>>> print(open('coords_0.txt').read())   # compact mmCIF, C-alpha atoms
# COMPACT_ATOMS: atom_id res chain seq x y z
CA MET A 3 0.00 0.00 0.00
CA ARG A 4 2.80 2.37 0.81
CA GLY A 5 4.47 1.49 -2.51
CA ILE A 6 1.34 2.45 -4.46
CA ARG A 7 1.11 5.82 -2.67
CA ALA A 8 4.80 6.56 -3.36
CA GLY A 9 4.28 5.77 -7.08
CA VAL A 10 1.28 8.06 -7.35
CA LEU A 11 3.17 10.88 -5.62
CA LEU A 12 6.15 10.44 -7.94
CA CYS A 13 3.94 10.64 -11.03
CA ALA A 14 2.29 13.82 -9.72
CA LEU A 15 5.65 15.48 -9.09
CA THR A 16 6.84 14.47 -12.54
CA THR A 17 3.71 15.98 -14.16
CA LEU A 18 4.10 19.23 -12.15
CA VAL A 19 7.74 19.63 -13.15
CA ALA A 20 6.86 19.04 -16.81
CA SER A 21 4.03 21.63 -16.73
CA CYS A 22 6.27 24.23 -15.09
CA GLY A 23 8.84 23.80 -17.87
CA GLU A 24 6.20 24.37 -20.52
CA GLY A 25 5.02 27.55 -18.71
CA GLN A 26 8.51 28.97 -18.69
CA LYS A 27 8.85 28.35 -22.42
CA GLN A 28 5.51 30.13 -23.08
CA GLY A 29 6.36 33.19 -20.82
CA GLY A 30 9.46 34.42 -22.79
CA ALA A 31 10.19 38.13 -23.72
CA PRO A 32 7.43 39.77 -25.85
CA PRO A 33 8.27 40.79 -29.46
CA PRO A 34 9.05 44.50 -30.23
CA PRO A 35 5.80 46.48 -30.51
CA PRO A 36 4.73 47.63 -34.02
CA VAL A 37 4.74 51.36 -34.78
CA SER A 38 4.04 53.40 -37.90
CA VAL A 39 6.86 55.65 -39.10
CA ALA A 40 7.11 58.25 -41.85
CA LYS A 41 9.77 60.60 -43.14
CA PRO A 42 9.21 64.38 -42.80
CA ILE A 43 7.54 66.15 -45.69
CA LYS A 44 9.43 68.91 -47.51
CA ARG A 45 7.28 71.89 -48.44
CA MET A 46 7.55 75.63 -49.12
CA VAL A 47 5.87 77.39 -46.22
CA THR A 48 5.40 80.94 -44.95
CA ASP A 49 5.18 82.04 -41.34
CA PHE A 50 2.10 84.05 -40.41
CA ASP A 51 1.11 86.47 -37.68
CA GLU A 52 -2.51 86.64 -36.58
CA TYR A 53 -4.30 89.78 -35.40
CA VAL A 54 -7.81 90.66 -34.31
CA GLY A 55 -9.47 93.65 -35.92
CA ARG A 56 -12.76 94.97 -37.21
CA PHE A 57 -14.26 95.97 -40.53
CA THR A 58 -14.76 99.62 -41.46
CA ALA A 59 -16.53 101.14 -44.44
CA VAL A 60 -14.51 102.60 -47.29
CA ASN A 61 -17.12 105.37 -47.54
CA SER A 62 -19.44 106.51 -44.77
CA VAL A 63 -21.82 109.38 -45.54
CA GLU A 64 -24.33 111.26 -43.44
CA VAL A 65 -27.29 112.33 -45.56
CA ARG A 66 -28.26 115.90 -44.65
CA ALA A 67 -30.40 118.44 -46.47
CA ARG A 68 -28.74 121.40 -48.17
CA VAL A 69 -31.92 123.48 -48.03
CA SER A 70 -34.43 123.97 -45.25
CA GLY A 71 -38.05 122.98 -45.73
CA TYR A 72 -40.69 120.41 -45.00
CA LEU A 73 -39.82 116.82 -45.84
CA ASP A 74 -42.14 115.76 -48.64
CA GLY A 75 -41.27 112.08 -49.21
CA VAL A 76 -38.99 109.13 -48.39
CA HIS A 77 -38.12 106.90 -51.35
CA PHE A 78 -36.30 103.92 -49.85
CA LYS A 79 -36.82 101.08 -47.40
CA ASP A 80 -34.83 101.13 -44.18
CA GLY A 81 -31.65 99.08 -44.49
CA GLN A 82 -31.76 98.48 -48.24
CA ILE A 83 -28.83 98.59 -50.67
CA VAL A 84 -28.80 101.83 -52.68
CA LYS A 85 -26.88 102.85 -55.78
CA GLN A 86 -25.19 106.16 -56.36
CA GLY A 87 -27.78 108.62 -57.67
CA ASP A 88 -30.83 106.86 -56.23
CA LEU A 89 -33.51 109.24 -54.94
CA LEU A 90 -33.73 109.07 -51.14
CA PHE A 91 -35.67 112.12 -49.87
CA THR A 92 -37.59 115.03 -51.35
CA VAL A 93 -38.18 118.40 -49.72
CA ASP A 94 -41.22 120.50 -50.65
CA LYS A 95 -39.93 122.38 -53.69
CA ARG A 96 -42.78 124.89 -54.18
CA PRO A 97 -41.15 127.78 -52.27
CA PHE A 98 -37.91 127.23 -54.19
CA GLN A 99 -39.77 127.13 -57.51
CA ASN A 100 -41.29 130.51 -56.68
CA THR A 101 -37.84 131.88 -55.90
CA LEU A 102 -36.56 130.56 -59.22
CA ASP A 103 -39.46 132.16 -61.14
CA GLN A 104 -38.82 135.48 -59.39
CA ALA A 105 -35.11 135.31 -60.19
CA ARG A 106 -35.85 134.62 -63.84
CA ALA A 107 -38.23 137.63 -63.98
CA ASN A 108 -35.60 139.88 -62.41
CA LEU A 109 -33.11 138.66 -65.00
CA VAL A 110 -35.46 139.62 -67.83
CA THR A 111 -35.80 143.13 -66.33
CA ALA A 112 -32.03 143.44 -65.94
CA LYS A 113 -31.41 142.39 -69.52
CA SER A 114 -33.99 144.90 -70.78
CA ASN A 115 -32.30 147.65 -68.81
CA LEU A 116 -28.94 146.51 -70.19
CA ASP A 117 -30.20 146.84 -73.76
CA TYR A 118 -31.48 150.38 -73.09
CA THR A 119 -28.31 151.57 -71.35
CA LYS A 120 -26.16 150.00 -74.06
CA SER A 121 -27.93 151.86 -76.86
CA ASP A 122 -27.88 155.06 -74.82
CA TYR A 123 -24.14 154.62 -74.25
CA GLU A 124 -23.47 153.98 -77.95
CA ARG A 125 -25.43 157.17 -78.98
CA GLY A 126 -23.51 159.13 -76.39
CA GLN A 127 -20.21 158.17 -78.01
CA GLN A 128 -21.17 160.06 -81.19
CA LEU A 129 -22.77 162.95 -79.29
CA VAL A 130 -19.76 163.59 -77.13
CA HIS A 131 -17.57 163.44 -80.26
CA ASP A 132 -19.77 166.15 -81.83
CA LYS A 133 -19.67 168.16 -78.60
CA THR A 134 -23.46 167.84 -78.34
CA ILE A 135 -23.26 166.54 -74.78
CA THR A 136 -20.69 167.14 -72.14
CA ASP A 137 -18.14 164.63 -71.01
CA GLN A 138 -19.92 164.39 -67.65
CA VAL A 139 -23.19 163.33 -69.28
CA PHE A 140 -21.33 160.73 -71.35
CA GLU A 141 -19.66 159.31 -68.24
CA GLN A 142 -23.07 159.04 -66.57
CA ARG A 143 -24.36 156.99 -69.54
CA ALA A 144 -21.24 154.78 -69.42
CA GLN A 145 -21.68 154.20 -65.71
CA ALA A 146 -25.35 153.27 -66.18
CA TYR A 147 -24.31 150.76 -68.87
CA ARG A 148 -21.72 149.15 -66.58
CA ASN A 149 -24.22 148.97 -63.74
CA ALA A 150 -26.74 147.29 -66.04
CA GLN A 151 -24.11 144.69 -67.01
CA ALA A 152 -23.42 143.99 -63.35
CA ALA A 153 -27.15 143.70 -62.62
CA VAL A 154 -27.50 141.10 -65.38
CA ASN A 155 -24.59 139.07 -63.96
CA ASN A 156 -26.08 139.28 -60.49
CA ASN A 157 -29.49 138.08 -61.63
CA GLU A 158 -27.99 135.27 -63.67
CA ALA A 159 -26.21 134.08 -60.49
CA ALA A 160 -29.50 134.30 -58.60
CA VAL A 161 -31.18 132.15 -61.25
CA ARG A 162 -28.39 129.55 -61.02
CA GLN A 163 -28.63 129.51 -57.21
CA ALA A 164 -32.39 129.13 -57.31
CA GLY A 165 -31.94 126.26 -59.78
CA LEU A 166 -29.48 124.62 -57.41
CA ASP A 167 -31.92 124.96 -54.54
CA ILE A 168 -34.51 123.19 -56.69
CA GLU A 169 -32.02 120.36 -57.27
CA PHE A 170 -31.17 120.24 -53.57
CA THR A 171 -34.80 119.50 -52.73
CA GLU A 172 -34.07 115.99 -54.09
CA LEU A 173 -31.55 114.18 -51.92
CA ARG A 174 -29.82 111.38 -53.83
CA ALA A 175 -27.36 108.71 -52.70
CA PRO A 176 -23.78 110.03 -53.08
CA VAL A 177 -22.23 106.51 -52.98
CA ASP A 178 -23.19 102.88 -53.39
CA GLY A 179 -23.86 101.12 -50.11
CA ARG A 180 -26.36 100.13 -47.46
CA ILE A 181 -28.55 102.86 -46.02
CA GLY A 182 -29.69 102.86 -42.40
CA ASP A 183 -33.11 103.74 -41.10
CA ARG A 184 -34.74 107.10 -41.75
CA ARG A 185 -34.24 109.58 -38.93
CA VAL A 186 -37.07 111.95 -39.97
CA SER A 187 -40.57 111.17 -41.20
CA PRO A 188 -42.36 113.08 -43.99
CA GLY A 189 -44.07 116.25 -42.84
CA ASN A 190 -41.31 117.32 -40.46
CA LEU A 191 -39.31 120.49 -40.93
CA VAL A 192 -35.67 119.79 -41.76
CA THR A 193 -32.87 122.31 -41.37
CA GLY A 194 -30.42 122.52 -44.24
CA GLY A 195 -27.32 124.49 -45.06
CA THR A 196 -23.63 124.12 -44.32
CA THR A 197 -23.65 124.73 -40.56
CA GLY A 198 -23.31 122.06 -37.87
CA ASN A 199 -26.97 122.12 -36.79
CA THR A 200 -28.39 120.62 -39.97
CA THR A 201 -30.85 117.74 -39.69
CA LEU A 202 -29.44 114.22 -40.07
CA LEU A 203 -31.79 112.24 -42.31
CA ALA A 204 -29.93 108.90 -42.71
CA THR A 205 -26.48 107.35 -43.05
CA ILE A 206 -24.98 105.28 -45.87
CA VAL A 207 -21.96 102.96 -45.57
CA SER A 208 -20.31 101.35 -48.56
CA THR A 209 -19.95 97.56 -48.39
CA ASP A 210 -17.94 96.44 -51.42
CA PRO A 211 -15.01 96.67 -51.14
CA ILE A 212 -14.55 96.98 -47.39
CA TYR A 213 -11.63 97.85 -45.11
CA PHE A 214 -10.33 95.66 -42.28
CA GLU A 215 -8.32 97.60 -39.66
CA PHE A 216 -6.06 96.05 -37.02
CA THR A 217 -3.07 97.01 -34.90
CA PHE A 218 0.27 95.30 -34.47
CA SER A 219 3.19 95.84 -32.12
CA GLU A 220 6.25 97.99 -32.60
CA ALA A 221 8.41 94.86 -32.69
CA ALA A 222 6.34 93.36 -35.50
CA PHE A 223 6.45 96.67 -37.38
CA LEU A 224 10.26 96.74 -37.17
CA ARG A 225 10.46 93.13 -38.35
CA TYR A 226 8.25 93.86 -41.36
CA GLU A 227 10.16 97.00 -42.27
CA ARG A 228 13.57 95.32 -42.06
CA MET A 229 12.43 92.45 -44.22
CA SER A 230 11.09 94.90 -46.79
CA LYS A 231 14.47 96.67 -46.93
CA THR A 232 16.08 93.37 -47.97
CA GLY A 233 13.56 92.87 -50.76
CA LYS A 234 11.51 90.31 -48.81
CA ASP A 235 8.38 92.37 -48.54
CA VAL A 236 5.61 91.18 -46.22
CA ALA A 237 3.35 93.77 -44.53
CA SER A 238 5.19 97.06 -44.98
CA ARG A 239 3.64 100.26 -46.32
CA GLY A 240 2.16 100.13 -49.77
CA ALA A 241 3.26 96.55 -50.36
CA GLY A 242 -0.07 95.15 -51.50
CA VAL A 243 0.78 91.92 -49.70
CA GLN A 244 -1.85 89.18 -49.75
CA VAL A 245 -3.54 88.47 -46.40
CA ALA A 246 -6.21 86.01 -45.32
CA LEU A 247 -9.14 86.40 -42.94
CA LYS A 248 -11.65 84.30 -41.03
CA LEU A 249 -14.81 85.29 -39.18
CA ILE A 250 -15.58 84.30 -35.60
CA ASP A 251 -17.67 81.31 -36.70
CA GLU A 252 -15.15 80.00 -39.24
CA GLN A 253 -12.27 77.57 -38.78
CA THR A 254 -10.03 78.43 -41.74
CA PHE A 255 -8.70 81.61 -43.33
CA ASP A 256 -10.63 81.42 -46.59
CA HIS A 257 -11.19 85.11 -47.37
CA LYS A 258 -8.35 86.69 -49.36
CA GLY A 259 -7.44 90.39 -49.43
CA HIS A 260 -4.39 92.64 -49.57
CA MET A 261 -2.69 95.27 -47.44
CA ASP A 262 -3.16 98.83 -48.64
CA PHE A 263 -2.16 101.08 -45.73
CA VAL A 264 0.03 101.30 -42.62
CA ASP A 265 -0.29 104.36 -40.40
CA ASN A 266 2.44 107.01 -40.23
CA ALA A 267 2.96 106.94 -36.45
CA ILE A 268 3.07 104.48 -33.57
CA SER A 269 0.62 105.21 -30.78
CA ALA A 270 2.46 106.53 -27.73
CA SER A 271 -0.20 105.13 -25.38
CA THR A 272 -0.39 101.56 -26.72
CA GLY A 273 2.91 101.08 -28.55
CA THR A 274 1.04 99.76 -31.60
CA ILE A 275 0.56 100.94 -35.15
CA ARG A 276 -2.55 100.67 -37.29
CA GLY A 277 -2.65 98.60 -40.46
CA ARG A 278 -5.42 98.23 -43.02
CA ALA A 279 -6.35 95.60 -45.58
CA VAL A 280 -8.97 95.62 -48.34
CA PHE A 281 -11.37 92.75 -49.02
CA ALA A 282 -13.94 92.21 -51.73
CA ASN A 283 -17.45 91.83 -50.33
CA PRO A 284 -19.77 91.01 -53.24
CA ASN A 285 -22.19 89.03 -51.05
CA ASN A 286 -22.24 91.64 -48.26
CA ILE A 287 -21.12 89.08 -45.67
CA PHE A 288 -18.77 91.58 -44.03
CA THR A 289 -20.40 94.44 -42.15
CA PRO A 290 -18.70 97.56 -40.73
CA GLY A 291 -17.96 97.01 -37.03
CA MET A 292 -17.72 93.22 -37.34
CA PHE A 293 -14.76 91.50 -35.64
CA ALA A 294 -12.52 88.95 -37.39
CA ARG A 295 -9.00 87.51 -37.37
CA VAL A 296 -6.49 88.32 -40.08
CA GLN A 297 -3.42 86.32 -41.05
CA VAL A 298 -0.45 88.42 -42.20
CA PRO A 299 2.72 86.93 -43.76
CA ALA A 300 5.57 87.17 -41.24
CA SER A 301 8.33 85.74 -43.43
CA PRO A 302 9.15 85.14 -47.06
CA PRO A 303 8.47 81.59 -48.32
CA TYR A 304 11.08 78.99 -47.29
CA GLU A 305 11.51 75.23 -47.51
CA ALA A 306 10.73 73.42 -44.27
CA LEU A 307 10.24 69.92 -42.88
CA LEU A 308 6.75 69.02 -41.67
CA VAL A 309 5.41 66.14 -39.57
CA PRO A 310 1.87 65.39 -38.36
CA ALA A 311 1.05 67.57 -35.37
CA VAL A 312 0.06 64.46 -33.39
CA ALA A 313 3.68 63.25 -33.56
CA ILE A 314 4.83 66.11 -31.32
CA GLY A 315 5.36 65.38 -27.63
CA THR A 316 5.98 67.73 -24.72
CA GLU A 317 8.47 67.47 -21.87
CA GLN A 318 7.88 70.47 -19.63
CA VAL A 319 8.74 73.38 -21.96
CA ARG A 320 10.55 71.32 -24.61
CA LYS A 321 9.02 69.66 -27.64
CA PHE A 322 10.21 66.36 -29.10
CA VAL A 323 9.47 63.67 -31.64
CA LEU A 324 10.26 59.95 -31.38
CA THR A 325 12.36 58.56 -34.23
CA VAL A 326 13.49 55.04 -35.11
CA SER A 327 17.20 54.45 -35.75
CA ALA A 328 18.71 52.04 -38.26
CA ASP A 329 18.67 49.20 -35.71
CA ASN A 330 14.98 49.89 -34.92
CA THR A 331 15.69 51.59 -31.58
CA VAL A 332 13.48 54.48 -30.44
CA VAL A 333 15.48 57.75 -30.26
CA PRO A 334 13.86 61.00 -28.99
CA LYS A 335 14.84 64.24 -30.73
CA TYR A 336 14.07 67.68 -29.35
CA VAL A 337 12.75 70.07 -31.98
CA THR A 338 12.03 73.74 -32.57
CA LEU A 339 8.49 74.21 -33.83
CA GLY A 340 7.11 76.59 -36.40
CA GLN A 341 3.43 76.96 -37.17
CA THR A 342 0.75 74.35 -37.76
CA THR A 343 -0.66 74.18 -41.27
CA ALA A 344 -4.34 73.94 -42.14
CA ASP A 345 -3.97 70.23 -42.99
CA GLY A 346 -2.68 69.31 -39.51
CA LEU A 347 1.06 69.30 -40.23
CA GLN A 348 3.59 70.89 -37.87
CA VAL A 349 6.51 72.91 -39.24
CA ILE A 350 9.83 71.81 -37.72
CA LYS A 351 12.48 74.53 -37.87
CA ALA A 352 15.29 72.54 -36.23
CA GLY A 353 15.99 69.18 -34.60
CA ILE A 354 15.35 66.55 -37.29
CA ASP A 355 16.67 65.62 -40.73
CA ALA A 356 14.81 64.79 -43.90
CA ASP A 357 15.80 61.09 -43.63
CA ASP A 358 14.63 60.59 -40.04
CA ARG A 359 11.90 58.01 -39.51
CA VAL A 360 9.37 59.71 -37.24
CA ILE A 361 6.85 57.65 -35.28
CA VAL A 362 3.39 58.84 -36.22
CA ASN A 363 1.25 56.00 -34.89
CA GLY A 364 1.71 53.74 -31.85
CA LEU A 365 3.48 56.40 -29.81
CA MET A 366 2.13 55.08 -26.53
CA ARG A 367 3.80 51.72 -27.20
CA ALA A 368 7.25 53.25 -27.85
CA ARG A 369 9.83 54.23 -25.22
CA PRO A 370 13.28 55.77 -25.77
CA GLY A 371 15.91 53.05 -26.14
CA GLN A 372 13.30 50.37 -26.80
CA LYS A 373 13.29 48.12 -29.86
CA VAL A 374 10.23 48.47 -32.09
CA THR A 375 8.94 46.99 -35.33
CA PRO A 376 8.60 49.95 -37.73
CA GLN A 377 6.01 49.92 -40.48
CA GLU A 378 6.79 52.41 -43.22
CA GLU A 379 4.03 54.91 -44.04
CA GLY A 380 6.03 56.85 -46.64
CA LYS A 381 5.37 60.59 -46.38
CA ALA A 382 1.60 60.46 -46.19
CA ALA A 383 1.65 59.88 -42.44
CA PRO A 384 -1.81 59.24 -40.94
CA PRO A 385 -2.76 60.74 -37.60
CA GLY A 386 -1.69 58.72 -34.56
CA GLN A 387 -1.91 58.87 -30.81
CA GLY A 388 -0.51 61.74 -28.83
CA ALA A 389 2.95 61.34 -27.32
CA GLY A 390 3.91 61.85 -23.73
CA PRO A 391 7.32 62.96 -22.37
CA PRO A 392 10.34 60.73 -23.25
CA GLN A 393 10.75 57.99 -20.69
CA ALA A 394 13.48 55.47 -19.95
CA PRO A 395 12.79 51.92 -21.10
CA LYS A 396 11.34 49.58 -18.51
CA LYS A 397 13.69 46.94 -17.15
>>> encode(input="coords_0.txt", output="structure tokens")
Amino acid sequence: MRGIRAGVLLCALTTLVASCGEGQKQGGAPPPPPVSVAKPIKRMVTDFDEYVGRFTAVNSVEVRARVSGYLDGVHFKDGQIVKQGDLLFTVDKRPFQNTLDQARANLVTAKSNLDYTKSDYERGQQLVHDKTITDQVFEQRAQAYRNAQAAVNNNEAAVRQAGLDIEFTELRAPVDGRIGDRRVSPGNLVTGGTTGNTTLLATIVSTDPIYFEFTFSEAAFLRYERMSKTGKDVASRGAGVQVALKLIDEQTFDHKGHMDFVDNAISASTGTIRGRAVFANPNNIFTPGMFARVQVPASPPYEALLVPAVAIGTEQVRKFVLTVSADNTVVPKYVTLGQTTADGLQVIKAGIDADDRVIVNGLMRARPGQKVTPQEEGKAAPPGQGAGPPQAPKK
């Protein structure tokens, strides 16, 4: 009986030892993790500065009457688009028509008097030559003729002024643009003239094209000016440099315009200088007073290396990418970043070479000094996982 128990125990121990050996064979070191790598993309890029500004109208006009009178009619709808020359308001023209008729009648009288004094003056020339009249009488006739000429000129001016007043009773749009609401209703007395107390009837702001005004710092101004002196013009005065703009509800800078003005002095209170760009606005999307962001070229075009933005990691204040060496070892490289492009690529100004294999997918599985299994993605690197700070490989 004891022999049977010893045999059973021996078999059990043998089976246990055999199973432990198989477990050790199955629990060996794991294979290197797979990662996706891609070489940096070479591309011509331009650095940009972004500023916040607002739109302003190229033309802004206050519609005021040139003559005083009762407002007779309003010929537009509040807020509509008007064209230059469109009739906006009319003032009761009957008093001005009476003044014009009176001026014309006075002109007829003055011309009749001119004809009489002219003939009298011409007869006097022969009479004074024949000594029939005295020189004094002849001078009186000459003076009457000159006065009649002046009276005709004066009445002709009065007729022209009365005609202008008739024209001024019709207020027309001086520019194309959008008109605001009427400030005075028909039947009210409006004060005209050239003084400061005239009645404001409405305002018109032009919409196409439209200005976009923004301010930038003294340091940026100096940088732009120095680049322009070397022939690498960006946003200096009169450069006509292309700029891009996006509205507050847009994600990309799709609206194109150009610089047309930089102010002649830096503000002593803010240390900034005012710049202005012009944008086409055929659909009237932009409105004076609206805020937007503008993108201004901050450098001439240059060739740069780009990697997917998701390949960039952060270690405190330093940025890095993980690369794979020739022996498939993960090597971190610290980089100097430029700007991020609209297609999600990050400009690298320094830190990597064109032949480096940058990890773009599987970053969480890679550690510096660790062996990996790279899978080439060419240069069309797909987005991957975000990278954390470089860490030492686990032992």
>>> atom_distance(input="coords_0.txt", atom1="atom CA of A:Lys335", atom2="atom CA of A:Pro303")
25.5 Å
>>> atom_distance(input="coords_0.txt", atom1="atom CA of A:Leu166", atom2="atom CA of A:Phe98")
9.4 Å
>>> closest_residue(input="coords_0.txt", among="A:Phe255, A:Asn363, A:Asp94, A:Arg225", to="A:Pro302", atoms="all atoms listed in the file")
A:Arg225
>>> atom_distance(input="coords_0.txt", atom1="atom CA of A:Leu89", atom2="atom CA of A:Ala282")
26.1 Å
>>> closest_residue(input="coords_0.txt", among="A:Ser114, A:Ser208, A:Gln138, A:Thr217", to="A:Ala175", atoms="all atoms listed in the file")
A:Ser208
>>> decode(input="coords_0.txt", residues="stretch 95-123 of chain A", atoms="N, CA and C atoms", output="PDB file, in the first residue's frame")
ATOM      1  N   LYS A  95     -40.666 121.489 -52.800  1.00  0.00           N
ATOM      2  CA  LYS A  95     -39.927 122.378 -53.689  1.00  0.00           C
ATOM      3  C   LYS A  95     -40.722 123.609 -54.117  1.00  0.00           C
ATOM      4  N   ARG A  96     -41.969 123.771 -53.704  1.00  0.00           N
ATOM      5  CA  ARG A  96     -42.776 124.888 -54.180  1.00  0.00           C
ATOM      6  C   ARG A  96     -42.212 126.247 -53.798  1.00  0.00           C
ATOM      7  N   PRO A  97     -41.745 126.461 -52.563  1.00  0.00           N
ATOM      8  CA  PRO A  97     -41.150 127.775 -52.274  1.00  0.00           C
ATOM      9  C   PRO A  97     -39.904 128.057 -53.110  1.00  0.00           C
ATOM     10  N   PHE A  98     -39.137 127.028 -53.404  1.00  0.00           N
ATOM     11  CA  PHE A  98     -37.914 127.228 -54.186  1.00  0.00           C
ATOM     12  C   PHE A  98     -38.239 127.446 -55.662  1.00  0.00           C
ATOM     13  N   GLN A  99     -39.353 126.859 -56.143  1.00  0.00           N
ATOM     14  CA  GLN A  99     -39.774 127.129 -57.509  1.00  0.00           C
ATOM     15  C   GLN A  99     -40.222 128.577 -57.648  1.00  0.00           C
ATOM     16  N   ASN A 100     -40.898 129.092 -56.633  1.00  0.00           N
ATOM     17  CA  ASN A 100     -41.293 130.505 -56.676  1.00  0.00           C
ATOM     18  C   ASN A 100     -40.067 131.410 -56.704  1.00  0.00           C
ATOM     19  N   THR A 101     -39.063 131.076 -55.909  1.00  0.00           N
ATOM     20  CA  THR A 101     -37.839 131.883 -55.899  1.00  0.00           C
ATOM     21  C   THR A 101     -37.157 131.842 -57.260  1.00  0.00           C
ATOM     22  N   LEU A 102     -37.163 130.672 -57.894  1.00  0.00           N
ATOM     23  CA  LEU A 102     -36.562 130.560 -59.224  1.00  0.00           C
ATOM     24  C   LEU A 102     -37.332 131.403 -60.241  1.00  0.00           C
ATOM     25  N   ASP A 103     -38.655 131.355 -60.202  1.00  0.00           N
ATOM     26  CA  ASP A 103     -39.456 132.155 -61.138  1.00  0.00           C
ATOM     27  C   ASP A 103     -39.196 133.645 -60.929  1.00  0.00           C
ATOM     28  N   GLN A 104     -39.087 134.069 -59.687  1.00  0.00           N
ATOM     29  CA  GLN A 104     -38.819 135.480 -59.394  1.00  0.00           C
ATOM     30  C   GLN A 104     -37.441 135.877 -59.896  1.00  0.00           C
ATOM     31  N   ALA A 105     -36.459 135.007 -59.726  1.00  0.00           N
ATOM     32  CA  ALA A 105     -35.108 135.313 -60.195  1.00  0.00           C
ATOM     33  C   ALA A 105     -35.065 135.414 -61.713  1.00  0.00           C
ATOM     34  N   ARG A 106     -35.812 134.556 -62.380  1.00  0.00           N
ATOM     35  CA  ARG A 106     -35.853 134.625 -63.844  1.00  0.00           C
ATOM     36  C   ARG A 106     -36.509 135.932 -64.310  1.00  0.00           C
ATOM     37  N   ALA A 107     -37.571 136.366 -63.623  1.00  0.00           N
ATOM     38  CA  ALA A 107     -38.230 137.632 -63.985  1.00  0.00           C
ATOM     39  C   ALA A 107     -37.286 138.803 -63.768  1.00  0.00           C
ATOM     40  N   ASN A 108     -36.570 138.804 -62.670  1.00  0.00           N
ATOM     41  CA  ASN A 108     -35.604 139.876 -62.412  1.00  0.00           C
ATOM     42  C   ASN A 108     -34.510 139.890 -63.467  1.00  0.00           C
ATOM     43  N   LEU A 109     -34.129 138.709 -63.966  1.00  0.00           N
ATOM     44  CA  LEU A 109     -33.107 138.656 -65.004  1.00  0.00           C
ATOM     45  C   LEU A 109     -33.618 139.280 -66.299  1.00  0.00           C
ATOM     46  N   VAL A 110     -34.888 139.015 -66.613  1.00  0.00           N
ATOM     47  CA  VAL A 110     -35.460 139.623 -67.827  1.00  0.00           C
ATOM     48  C   VAL A 110     -35.446 141.144 -67.705  1.00  0.00           C
ATOM     49  N   THR A 111     -35.826 141.676 -66.546  1.00  0.00           N
ATOM     50  CA  THR A 111     -35.803 143.135 -66.328  1.00  0.00           C
ATOM     51  C   THR A 111     -34.387 143.670 -66.453  1.00  0.00           C
ATOM     52  N   ALA A 112     -33.417 142.982 -65.891  1.00  0.00           N
ATOM     53  CA  ALA A 112     -32.026 143.443 -65.938  1.00  0.00           C
ATOM     54  C   ALA A 112     -31.506 143.434 -67.363  1.00  0.00           C
ATOM     55  N   LYS A 113     -31.875 142.427 -68.136  1.00  0.00           N
ATOM     56  CA  LYS A 113     -31.412 142.392 -69.524  1.00  0.00           C
ATOM     57  C   LYS A 113     -32.049 143.505 -70.352  1.00  0.00           C
ATOM     58  N   SER A 114     -33.336 143.793 -70.074  1.00  0.00           N
ATOM     59  CA  SER A 114     -33.993 144.899 -70.782  1.00  0.00           C
ATOM     60  C   SER A 114     -33.320 146.228 -70.460  1.00  0.00           C
ATOM     61  N   ASN A 115     -32.991 146.432 -69.203  1.00  0.00           N
ATOM     62  CA  ASN A 115     -32.300 147.650 -68.807  1.00  0.00           C
ATOM     63  C   ASN A 115     -30.912 147.722 -69.432  1.00  0.00           C
ATOM     64  N   LEU A 116     -30.268 146.536 -69.571  1.00  0.00           N
ATOM     65  CA  LEU A 116     -28.942 146.507 -70.192  1.00  0.00           C
ATOM     66  C   LEU A 116     -29.024 146.939 -71.648  1.00  0.00           C
ATOM     67  N   ASP A 117     -30.059 146.453 -72.357  1.00  0.00           N
ATOM     68  CA  ASP A 117     -30.197 146.841 -73.762  1.00  0.00           C
ATOM     69  C   ASP A 117     -30.402 148.354 -73.904  1.00  0.00           C
ATOM     70  N   TYR A 118     -31.222 148.925 -73.013  1.00  0.00           N
ATOM     71  CA  TYR A 118     -31.477 150.380 -73.092  1.00  0.00           C
ATOM     72  C   TYR A 118     -30.210 151.181 -72.808  1.00  0.00           C
ATOM     73  N   THR A 119     -29.517 150.813 -71.716  1.00  0.00           N
ATOM     74  CA  THR A 119     -28.315 151.573 -71.351  1.00  0.00           C
ATOM     75  C   THR A 119     -27.210 151.386 -72.382  1.00  0.00           C
ATOM     76  N   LYS A 120     -27.179 150.229 -73.045  1.00  0.00           N
ATOM     77  CA  LYS A 120     -26.158 150.001 -74.061  1.00  0.00           C
ATOM     78  C   LYS A 120     -26.379 150.921 -75.260  1.00  0.00           C
ATOM     79  N   SER A 121     -27.644 150.981 -75.716  1.00  0.00           N
ATOM     80  CA  SER A 121     -27.927 151.864 -76.858  1.00  0.00           C
ATOM     81  C   SER A 121     -27.714 153.319 -76.485  1.00  0.00           C
ATOM     82  N   ASP A 122     -28.083 153.692 -75.266  1.00  0.00           N
ATOM     83  CA  ASP A 122     -27.878 155.061 -74.816  1.00  0.00           C
ATOM     84  C   ASP A 122     -26.392 155.398 -74.761  1.00  0.00           C
ATOM     85  N   TYR A 123     -25.586 154.420 -74.323  1.00  0.00           N
ATOM     86  CA  TYR A 123     -24.137 154.617 -74.254  1.00  0.00           C
ATOM     87  C   TYR A 123     -23.531 154.746 -75.645  1.00  0.00           C
TER      88      TYR A 123
END
